[in-house]
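Colleague: One file: my_file_16.cif (mmCIF, C-alpha atoms).
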data_input
loop_
_atom_site.label_atom_id
_atom_site.label_comp_id
_atom_site.auth_asym_id
_atom_site.auth_seq_id
_atom_site.Cartn_x
_atom_site.Cartn_y
_atom_site.Cartn_z
CA MET A 1 0.00 0.00 0.00
CA SER A 2 1.35 3.42 -0.97
CA LYS A 3 2.60 5.76 1.76
CA ILE A 4 0.35 8.63 0.68
CA LEU A 5 -2.73 6.40 0.99
CA LYS A 6 -1.66 5.29 4.47
CA ARG A 7 -1.13 8.90 5.51
CA ALA A 8 -4.43 9.95 3.98
CA LEU A 9 -6.27 7.23 5.92
CA LYS A 10 -4.48 8.22 9.12
CA ASN A 11 -5.22 11.92 8.66
CA THR A 12 -8.89 11.41 7.75
CA ILE A 13 -9.99 9.75 10.99
CA ILE A 14 -9.72 12.79 13.31
CA PRO A 15 -11.63 15.30 11.11
CA ALA A 16 -14.30 12.64 10.42
CA ILE A 17 -14.80 12.11 14.16
CA THR A 18 -14.68 15.88 14.79
CA MET A 19 -17.41 16.49 12.21
CA ILE A 20 -19.80 13.91 13.70
CA ALA A 21 -18.95 14.85 17.29
CA GLY A 22 -19.43 18.57 16.59
CA LYS A 23 -22.89 18.05 15.12
CA SER A 24 -24.15 15.48 17.64
CA LEU A 25 -22.74 17.33 20.65
CA GLY A 26 -24.29 20.51 19.29
CA VAL A 27 -27.75 18.93 19.09
CA PHE A 28 -27.66 17.22 22.51
CA VAL A 29 -25.81 19.94 24.46
CA VAL A 30 -28.04 22.75 23.16
CA SER A 31 -31.15 20.66 23.93
CA ALA A 32 -29.84 19.96 27.44
CA ILE A 33 -28.87 23.59 28.15
CA TYR A 34 -32.17 25.08 26.95
CA GLY A 35 -34.28 22.16 28.22
CA PHE A 36 -35.83 21.29 24.85
CA SER A 37 -37.54 17.92 24.79
CA LEU A 38 -36.32 15.83 21.92
CA GLN A 39 -37.40 12.45 20.67
CA ILE A 40 -35.36 9.95 18.74
CA GLY A 41 -37.41 7.96 16.26
CA ASN A 42 -36.91 5.30 13.67
CA ASP A 43 -39.97 5.62 11.47
CA ILE A 44 -38.28 4.82 8.20
CA ASN A 45 -36.50 1.60 7.37
CA GLY A 46 -32.94 1.07 6.24
CA ILE A 47 -29.51 2.25 7.32
CA PHE A 48 -29.20 5.75 8.82
CA SER A 49 -32.93 5.92 9.47
CA THR A 50 -32.69 7.42 12.95
CA GLN A 51 -34.27 10.86 13.22
CA ILE A 52 -34.22 13.51 15.95
CA TYR A 53 -37.52 15.26 16.47
CA PHE A 54 -38.47 18.53 18.13
CA GLN A 55 -41.97 19.79 18.66
CA ASP A 56 -41.69 23.36 17.37
CA ARG A 57 -40.35 24.61 14.08
CA GLU A 58 -38.49 27.48 15.82
CA VAL A 59 -36.79 25.10 18.26
CA THR A 60 -35.77 22.79 15.42
CA GLN A 61 -34.27 25.71 13.49
CA PHE A 62 -32.47 27.05 16.58
CA VAL A 63 -30.96 23.67 17.56
CA ASN A 64 -30.01 22.93 13.96
CA SER A 65 -28.39 26.35 13.56
CA ILE A 66 -26.32 26.14 16.74
CA SER A 67 -25.26 22.54 16.07
CA ASP A 68 -24.28 23.53 12.52
CA LEU A 69 -22.24 26.41 13.92
CA ILE A 70 -20.49 24.15 16.46
CA MET A 71 -19.69 21.59 13.74
CA LEU A 72 -18.41 24.34 11.46
CA LEU A 73 -16.19 25.92 14.13
CA SER A 74 -14.87 22.56 15.34
CA LEU A 75 -13.59 21.97 11.80
CA ALA A 76 -12.66 25.57 10.94
CA VAL A 77 -10.47 26.25 14.00
CA PRO A 78 -8.00 23.34 13.45
CA THR A 79 -7.95 24.01 9.69
CA MET A 80 -7.15 27.68 10.20
CA TYR A 81 -4.52 26.73 12.80
CA LEU A 82 -2.81 24.34 10.35
CA ILE A 83 -2.87 26.91 7.52
CA ILE A 84 -1.58 29.79 9.69
CA LYS A 85 1.09 27.55 11.21
CA THR A 86 2.34 26.51 7.76
CA ALA A 87 2.24 30.10 6.51
CA ILE A 88 4.23 31.36 9.51
CA PHE A 89 6.73 28.50 9.20
CA GLN A 90 7.26 29.24 5.51
CA SER A 91 7.48 32.99 6.05
CA ALA A 92 9.94 32.54 8.93
CA SER A 93 12.26 30.48 6.77
CA ASN A 94 12.36 33.28 4.16
CA ASN A 95 12.04 36.41 6.26
CA PRO A 96 13.96 37.13 9.51
CA LYS A 97 11.41 39.83 10.44
CA THR A 98 8.80 37.11 10.87
CA ILE A 99 11.09 35.26 13.31
CA VAL A 100 11.36 38.42 15.42
CA LYS A 101 7.59 38.93 15.40
CA VAL A 102 6.96 35.25 16.23
CA ALA A 103 9.42 35.54 19.13
CA GLU A 104 7.59 38.66 20.35
CA PHE A 105 4.32 36.77 20.45
CA ASN A 106 6.01 33.79 22.12
CA MET A 107 5.09 31.48 19.23
CA LEU A 108 8.54 30.08 18.46
CA LYS A 109 7.24 26.54 18.90
CA TRP A 110 5.24 27.05 15.73
CA ILE A 111 8.34 27.47 13.56
CA THR A 112 10.63 24.84 15.05
CA LYS A 113 8.95 21.83 13.46
CA ASP A 114 7.28 21.43 10.08
CA ASP A 115 4.89 18.56 10.88
CA THR A 116 2.02 19.91 8.81
CA SER A 117 1.76 18.63 5.28
CA PHE A 118 -0.42 19.82 2.43
CA LEU A 119 -2.26 16.50 2.56
CA LYS A 120 -3.30 17.11 6.16
CA ILE A 121 -4.49 20.64 5.35
CA PHE A 122 -6.32 19.44 2.25
CA ILE A 123 -8.15 16.69 4.20
CA TRP A 124 -9.25 19.12 6.93
CA CYS A 125 -10.29 21.59 4.23
CA ALA A 126 -12.27 18.88 2.40
CA PHE A 127 -14.24 18.11 5.57
CA LEU A 128 -14.77 21.82 6.16
CA TRP A 129 -16.06 22.24 2.59
CA ILE A 130 -18.43 19.29 3.03
CA ALA A 131 -19.69 20.75 6.33
CA SER A 132 -20.05 24.20 4.72
CA ALA A 133 -21.99 22.70 1.81
CA LEU A 134 -24.39 21.01 4.26
CA VAL A 135 -24.81 24.25 6.25
CA ILE A 136 -25.41 26.30 3.08
CA ARG A 137 -27.97 23.73 1.92
CA ASN A 138 -29.70 24.00 5.31
CA GLY A 139 -29.59 27.79 5.01
CA ILE A 140 -31.25 27.67 1.57
CA GLN A 141 -33.93 25.34 2.93
CA ASN A 142 -34.47 27.71 5.88
CA ASP A 143 -33.45 25.01 8.37
CA THR A 144 -30.48 27.10 9.58
CA TYR A 145 -30.13 30.83 10.15
CA SER A 146 -28.91 32.50 6.98
CA TRP A 147 -25.98 34.28 8.72
CA ILE A 148 -24.51 30.87 9.66
CA ALA A 149 -24.77 29.78 6.01
CA ILE A 150 -23.03 33.02 4.92
CA LEU A 151 -20.34 32.47 7.58
CA ALA A 152 -19.85 28.90 6.29
CA GLY A 153 -19.42 30.23 2.75
CA GLY A 154 -16.90 32.83 3.93
CA ILE A 155 -14.87 30.36 6.00
CA SER A 156 -14.74 27.78 3.22
CA PHE A 157 -13.61 30.49 0.76
CA ILE A 158 -10.84 31.73 3.07
CA THR A 159 -9.62 28.21 3.88
CA GLY A 160 -9.74 27.42 0.16
CA LEU A 161 -7.36 30.32 -0.50
CA GLY A 162 -5.18 29.15 2.40
CA ALA A 163 -5.05 25.61 1.03
CA LEU A 164 -4.12 26.99 -2.39
CA LYS A 165 -1.29 29.03 -0.85
CA THR A 166 -0.02 25.94 1.00
CA PHE A 167 -0.15 24.00 -2.26
CA GLU A 168 2.01 26.68 -3.89
CA VAL A 169 4.49 26.43 -1.02
CA GLU A 170 4.62 22.63 -1.38
CA THR A 171 5.12 22.77 -5.15
CA ASN A 172 7.87 25.40 -4.68
CA LYS A 173 9.72 22.84 -2.55
CA VAL A 174 9.67 20.38 -5.46
CA TYR A 175 10.04 22.92 -8.29
CA PRO A 176 11.80 25.96 -6.76
CA ASP A 177 11.09 29.38 -8.22
CA SER A 178 13.81 29.89 -10.88
CA LYS A 179 13.88 33.69 -10.32
CA LYS A 180 15.50 33.17 -6.92
CA TYR A 181 18.65 31.79 -8.51
CA TYR A 182 19.19 34.42 -11.22
CA MET B 183 11.20 -14.44 -3.05
CA ARG B 184 7.98 -15.81 -1.61
CA THR B 185 7.76 -12.95 0.88
CA GLU B 186 8.10 -10.44 -1.94
CA LYS B 187 5.37 -12.18 -3.92
CA PHE B 188 3.13 -12.16 -0.86
CA LYS B 189 3.87 -8.46 -0.30
CA LYS B 190 2.96 -7.69 -3.92
CA PHE B 191 -0.23 -9.70 -3.63
CA ALA B 192 -1.15 -8.02 -0.34
CA THR B 193 -0.58 -4.58 -1.90
CA PHE B 194 -2.68 -5.58 -4.91
CA VAL B 195 -5.54 -6.63 -2.64
CA LEU B 196 -5.21 -4.02 0.10
CA GLU B 197 -4.93 -0.91 -2.06
CA PRO B 198 -8.49 -0.96 -3.47
CA ILE B 199 -9.82 -1.74 0.02
CA ALA B 200 -7.89 1.22 1.41
CA PHE B 201 -9.32 3.48 -1.31
CA GLY B 202 -12.81 2.29 -0.44
CA LEU B 203 -12.14 2.89 3.24
CA LEU B 204 -10.88 6.39 2.48
CA ALA B 205 -14.03 7.15 0.49
CA LEU B 206 -16.15 5.75 3.33
CA LEU B 207 -14.37 8.00 5.83
CA PHE B 208 -15.71 10.95 3.84
CA ILE B 209 -19.15 9.54 2.99
CA LEU B 210 -20.13 8.18 6.43
CA PRO B 211 -19.69 11.45 8.39
CA THR B 212 -21.59 13.31 5.66
CA ILE B 213 -24.58 10.94 5.82
CA THR B 214 -24.42 10.84 9.63
CA VAL B 215 -24.49 14.63 9.88
CA MET B 216 -27.40 14.76 7.41
CA ASN B 217 -29.31 12.28 9.56
CA LEU B 218 -28.45 14.12 12.77
CA GLN B 219 -30.33 17.12 11.44
CA PRO B 220 -33.41 17.49 13.66
CA ILE B 221 -36.89 17.74 12.16
CA THR B 222 -40.18 19.02 13.50
CA LYS B 223 -42.71 16.48 14.68
CA ALA B 224 -45.44 16.50 17.32
CA LEU B 225 -44.13 14.61 20.34
CA ASN B 226 -46.22 12.32 22.50
CA ASN B 227 -48.01 14.17 25.28
CA ILE B 228 -47.03 12.83 28.66
CA ASN B 229 -49.17 13.56 31.71
CA VAL B 230 -48.46 12.96 35.40
CA LEU B 231 -50.54 9.78 35.56
CA GLY B 232 -48.57 8.15 32.80
CA VAL B 233 -48.37 8.29 29.07
CA GLY B 234 -51.48 9.68 27.50
CA ASN B 235 -52.46 11.11 24.16
CA LYS B 236 -54.91 13.88 23.45
CA ALA B 237 -58.08 12.80 21.69
CA GLU B 238 -57.16 14.33 18.35
CA LEU B 239 -55.84 13.55 14.95
CA LYS B 240 -52.06 13.61 14.78
CA VAL B 241 -50.29 14.18 11.49
CA ASN B 242 -46.50 13.77 11.54
CA ILE B 243 -43.88 13.91 8.84
CA VAL B 244 -41.83 10.71 8.49
CA GLY B 245 -38.67 12.47 7.25
CA GLY B 246 -35.43 10.78 6.23
CA THR B 247 -33.46 11.17 3.04
CA HIS B 248 -34.46 10.13 -0.46
CA GLN B 249 -32.91 10.68 -3.88
CA ILE B 250 -36.14 12.00 -5.44
CA PHE B 251 -38.19 13.49 -2.60
CA SER B 252 -36.24 16.36 -1.05
CA GLN B 253 -36.88 19.33 1.27
CA GLU B 254 -39.92 17.79 2.91
CA LYS B 255 -41.95 20.14 5.10
CA ILE B 256 -45.29 20.00 6.86
CA ASP B 257 -47.30 22.99 8.08
CA GLU B 258 -50.55 23.20 9.96
CA VAL B 259 -52.97 26.11 9.65
CA ASP B 260 -56.41 25.91 11.29
CA GLY B 261 -56.42 22.13 11.38
CA GLN B 262 -55.43 21.78 7.73
CA TYR B 263 -52.08 20.17 7.11
CA THR B 264 -49.98 20.97 4.06
CA TYR B 265 -47.14 18.67 3.13
CA LYS B 266 -44.61 20.05 0.65
CA THR B 267 -41.69 18.43 -1.10
CA ILE B 268 -39.56 18.92 -4.18
CA LEU B 269 -39.54 16.11 -6.71
CA THR B 270 -36.06 16.27 -8.16
CA ARG B 271 -34.89 15.39 -11.67
CA ARG B 272 -35.28 11.70 -12.30
CA GLU B 273 -35.06 8.92 -14.81
CA SER B 274 -38.20 7.15 -15.98
CA ASP B 275 -39.10 4.78 -13.18
CA ARG B 276 -41.38 4.36 -10.18
CA TYR B 277 -40.28 5.96 -6.90
CA SER B 278 -42.00 5.79 -3.53
CA LYS B 279 -41.37 6.94 0.04
CA PRO B 280 -43.27 6.99 3.33
CA ILE B 281 -44.04 10.67 3.85
CA ILE B 282 -46.64 11.11 6.57
CA GLU B 283 -48.09 9.20 9.48
CA ILE B 284 -51.61 9.90 10.66
CA ILE B 285 -52.76 8.69 14.08
CA ASN B 286 -56.42 8.83 14.98
CA ASN B 287 -56.43 9.26 18.76
CA LYS B 288 -60.14 9.97 18.81
CA ALA B 289 -62.72 7.56 20.19
CA GLN B 290 -64.70 7.55 16.94
CA GLU B 291 -63.99 7.15 13.25
CA THR B 292 -62.67 10.24 11.49
CA ILE B 293 -62.79 11.12 7.82
CA VAL B 294 -59.97 13.07 6.23
CA GLU B 295 -59.90 14.61 2.79
CA ILE B 296 -56.58 14.25 0.99
CA TYR B 297 -55.67 15.83 -2.32
CA GLY B 298 -52.57 17.22 -3.97
CA GLY B 299 -50.27 17.33 -6.93
CA THR B 300 -47.73 19.40 -8.80
CA GLN B 301 -48.60 22.84 -10.14
CA LEU B 302 -47.82 21.91 -13.72
CA PRO B 303 -48.70 18.56 -15.30
CA THR B 304 -45.45 16.74 -16.02
CA GLY B 305 -46.72 13.45 -17.32
CA SER B 306 -46.09 11.80 -13.97
CA ASP B 307 -48.60 9.49 -12.37
CA ILE B 308 -48.70 10.50 -8.71
CA THR B 309 -50.38 8.18 -6.24
CA MET B 310 -50.51 7.62 -2.50
CA ILE B 311 -50.61 4.28 -0.77
CA ILE B 312 -52.44 3.84 2.52
CA SER B 313 -52.70 0.36 4.04
CA ASP B 314 -51.80 -1.28 0.70
CA GLN B 315 -54.60 0.63 -1.03
CA VAL B 316 -53.52 2.82 -3.96
CA TYR B 317 -55.21 6.22 -4.47
CA ARG B 318 -54.43 8.33 -7.54
CA LEU B 319 -53.69 11.94 -6.58
CA GLN B 320 -52.73 13.34 -9.97
CA ALA B 321 -53.09 11.76 -13.38
CA PRO B 322 -50.36 12.24 -16.03
CA ASN B 323 -52.55 14.89 -17.73
CA GLY B 324 -52.60 16.95 -14.50
CA ASP B 325 -56.09 16.08 -13.22
CA VAL B 326 -56.19 16.08 -9.42
CA THR B 327 -58.47 13.71 -7.54
CA SER B 328 -59.61 14.27 -3.97
CA HIS B 329 -60.00 11.28 -1.66
CA LYS B 330 -61.96 10.82 1.53
CA ILE B 331 -60.29 8.30 3.84
CA THR B 332 -61.96 6.87 6.92
CA LEU B 333 -59.60 6.45 9.86
CA ILE B 334 -60.38 3.85 12.51
CA PRO B 335 -59.94 5.02 16.13
CA GLY B 336 -56.55 4.29 17.70
CA GLN B 337 -55.10 3.31 14.34
CA LYS B 338 -51.84 4.59 12.86
CA TYR B 339 -51.64 5.06 9.10
CA ILE B 340 -48.49 5.59 7.06
CA ILE B 341 -48.99 7.43 3.77
CA PHE B 342 -46.59 6.49 1.00
CA LEU B 343 -46.15 8.85 -1.92
CA ALA B 344 -45.42 7.17 -5.25
CA VAL B 345 -44.38 8.86 -8.49
CA GLU B 346 -44.21 7.02 -11.79
CA THR B 347 -42.92 8.48 -15.03
CA PHE B 348 -42.41 6.80 -18.37
CA SER B 349 -39.91 9.36 -19.64
CA ASP B 350 -37.00 11.14 -17.92
CA VAL B 351 -37.90 14.35 -16.07
CA GLN B 352 -35.17 16.97 -16.44
CA PHE B 353 -36.47 19.58 -13.99
CA GLU B 354 -37.62 19.87 -10.39
CA GLU B 355 -41.29 20.04 -9.43
CA ASP B 356 -42.96 21.42 -6.30
CA PHE B 357 -45.42 18.91 -4.91
CA GLN B 358 -48.07 19.78 -2.34
CA LEU B 359 -50.43 17.48 -0.43
CA ASN B 360 -53.33 18.83 1.60
CA ILE B 361 -54.88 16.90 4.47
CA LYS B 362 -58.08 18.20 5.99
CA GLU B 363 -60.20 16.66 8.70
CA LEU B 364 -63.86 16.71 7.74
CA SER B 365 -66.16 17.82 10.55
CA PHE B 366 -69.79 16.82 10.81
#
Mind turning the file's structure into structure tokens?
Modeller:
Amino acid sequence: MSKILKRALKNTIIPAITMIAGKSLGVFVVSAIYGFSLQIGNDINGIFSTQIYFQDREVTQFVNSISDLIMLLSLAVPTMYLIIKTAIFQSASNNPKTIVKVAEFNMLKWITKDDTSFLKIFIWCAFLWIASALVIRNGIQNDTYSWIAILAGGISFITGLGALKTFEVETNKVYPDSKKYY
Amino acid sequence: MRTEKFKKFATFVLEPIAFGLLALLFILPTITVMNLQPITKALNNINVLGVGNKAELKVNIVGGTHQIFSQEKIDEVDGQYTYKTILTRRESDRYSKPIIEIINNKAQETIVEIYGGTQLPTGSDITMIISDQVYRLQAPNGDVTSHKITLIPGQKYIIFLAVETFSDVQFEEDFQLNIKELSF
């Protein structure tokens, strides 16, 4: 089995768990905090037929919105962290000013080890894009507040740009910019 | 030599499985999150003496995901229930899904009037199935038929919506089903 496939499998498990945990925790924690009575039913047959029911439309929309937001943030925060960390690491290796600034903010740990690969960032981004797509779909169907759907769109766009930048950095390692040497 | 052959064979077998597993690691969370999305449904009324239901007609959406029936919603205004869904693009075939459950908690028989269809005739034959009995809601030419269904007390009925088309449908259609309790 190829190394990249092994690494992809290894890196996919945590965001997959985070996505499910974010959504399910969001539903149950919000229901528990606000004291909403929920019912779990299994009216339709087949796999994945379990449904969570609430009595009021407003409650359903509120719980769905907050759980969508929690899922989105639980994926967005690590993705942003990975992208920023890679960007700082790359910038520090090219620009001494960045090292000084990083030292000022006591973030030297971030630039001492390059353990973040493009593959890892891409996988986290892929999960974030899937989550954003689901949130936007919910927003269109009026099942989630529209501002959360807009936020999802914005986050996925920004992380997309970040992933693209990281990809450029990775390709520059393989095919260095020729201008640097002339 | 044998070990190398075994390694090659194991790689040959394991690689497609690993690809499948990788795809599953993306697909399963997506489906799980879609199913974790809460929906609105009237919950059972519980009183202090135990579990009890009000003597009324209860109409609940079944929910779930389906390739053809999407964005299912049910609204109630003055005792009249309106079920809405979008019938997505589809190939010529017959599709069906349980959409609504009706529970008659009353002590006597109740009659409900059910009718519905798409706004534009699309050549689809739209029927509903209640207790293995088929009722045509909308003929392929667009004619809508209203049905009066008698509900036995204490009985739960699941309404299946079935759509049959003999040619591919390349656009989405808004479908609406109205359920009204007839009073005497």
Colleague: May I have the residues of chain A within 8 Å of chain B, counting all atoms listed in the file, written as an MDAnalysis selection string?
Modeller: chainID A and resid 1:2 5 8:9 12:13 16:17 19:20 23:24 27 39 43:44 48:57 60 63:64 127 130:131 134 141
Colleague: Which one of B:Ala321, B:Val345, B:Ile296, B:Ile361 sits closest to Thr270 in chain B if you count all atoms listed in the file?
Modeller: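 Answer, going by the shortest atom-to-atom distance: B:Val345.
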Colleague: Apply the PyMOL selection byres ((chain B and resi 284) around 10) to the file shown and report the selected residues as a PyMOL selection string.
Modeller: chain B and resi 239-243+282-283+285-287+294+333+337-341+361
Colleague: Using all atoms listed in the file, find all polymer residues with an atom at most 10 Å away from the point (-30.3, 24.8, 11.3); report them as a PyMOL selection string.
Modeller: (chain A and resi 58-69+134-139+141-146+148-149) or (chain B and resi 219-221)
Colleague: Using only C-alpha atoms, which residue out of B:His248, B:Lys187, B:Lys362, B:Arg272 lies closest to Lys330 in chain B?
Modeller: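 Looking only at the distances to Lys330 in chain B, the closest residue turns out to be B:Lys362.
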Colleague: May I have the residues within 12 Å of Trp124 in chain A as a PyMOL selection string, using only C-alpha atoms and disregarding those fewer than 3 positions away in the same chain?
Modeller: (chain A and resi 8+11-19+72+74-83+116-121+127-131+156+159-160+162-163) or (chain B and resi 208)
Colleague: Could you pull the residues within 10 Å of range 353-358 of chain B, counting only C-alpha atoms, minus those fewer than 6 positions along the same chain, as an MDAnalysis selection string?
Modeller: chainID B and resid 250:256 264:272 297:304 308
Colleague: CA of Ala344 in chain B and CA of Tyr263 in chain B are how many Å apart?
Modeller: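 Here the two named atoms are 19.1 Å from each other.
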Colleague: To one decimal in Å, tell me the separation between CA of Glu346 in chain B and CA of Ser274 in chain B.
Modeller: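 Interatomic distance, CA of Glu346 in chain B to CA of Ser274 in chain B: 7.3 Å.
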Colleague: Near Ile99 in chain A, within 12 Å and counting only C-alpha atoms, which residues show up once chain neighbours fewer than 4 positions away are dropped, as a ChimeraX atom specification?
Modeller: /A:88-95,103-112
Colleague: Which residues, written as a compact mmCIF listing (two decimals) with C-alpha atoms, in the coordinates of the input, have at least one atom at most 9 Å from Ala289 in chain B, with all atoms listed in the file counted and residues fewer than 2 positions away on the same chain left out?
Modeller:
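The resulting file, selection-v2.txt, is reproduced below:
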# COMPACT_ATOMS: atom_id res chain seq x y z
CA ALA B 237 -58.08 12.80 21.69
CA GLU B 238 -57.16 14.33 18.35
CA ASN B 286 -56.42 8.83 14.98
CA ASN B 287 -56.43 9.26 18.76
CA GLU B 291 -63.99 7.15 13.25
CA ILE B 334 -60.38 3.85 12.51
CA PRO B 335 -59.94 5.02 16.13
CA GLY B 336 -56.55 4.29 17.70
Colleague: I'd like to see the residues matched by the PyMOL selection byres ((chain B and resi 350) around 7) on this file, and ideally I'd get them as a ChimeraX atom specification.
Modeller: /B:272-274,348-349,351-352
Colleague: Print the selection's residues with C-alpha atoms to a file, as a PDB file, in the frame of the given file.
Modeller:
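Now in result-v8.pdb:
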ATOM      1  CA  ARG B 272     -35.280  11.700 -12.300  1.00  0.00           C
ATOM      2  CA  GLU B 273     -35.060   8.920 -14.810  1.00  0.00           C
ATOM      3  CA  SER B 274     -38.200   7.150 -15.980  1.00  0.00           C
ATOM      4  CA  PHE B 348     -42.410   6.800 -18.370  1.00  0.00           C
ATOM      5  CA  SER B 349     -39.910   9.360 -19.640  1.00  0.00           C
ATOM      6  CA  VAL B 351     -37.900  14.350 -16.070  1.00  0.00           C
ATOM      7  CA  GLN B 352     -35.170  16.970 -16.440  1.00  0.00           C
TER       8      GLN B 352
END
Colleague: Report the distance between CA of Ile150 in chain A and CA of Lys165 in chain A in Å, rounded to one decimal place.
Modeller: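 Value for the CA of Ile150 in chain A-CA of Lys165 in chain A distance: 22.8 Å.
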Colleague: Just the residues within 10 Å of Ser328 in chain B, please, counting only C-alpha atoms, with nothing from its chain fewer than 3 positions along; format it as a list in words.
Modeller: Glu295, Ile296, Tyr297, Gly298, Tyr317, Arg318, Leu319, Gln320, Ile331 and Asn360 of chain B
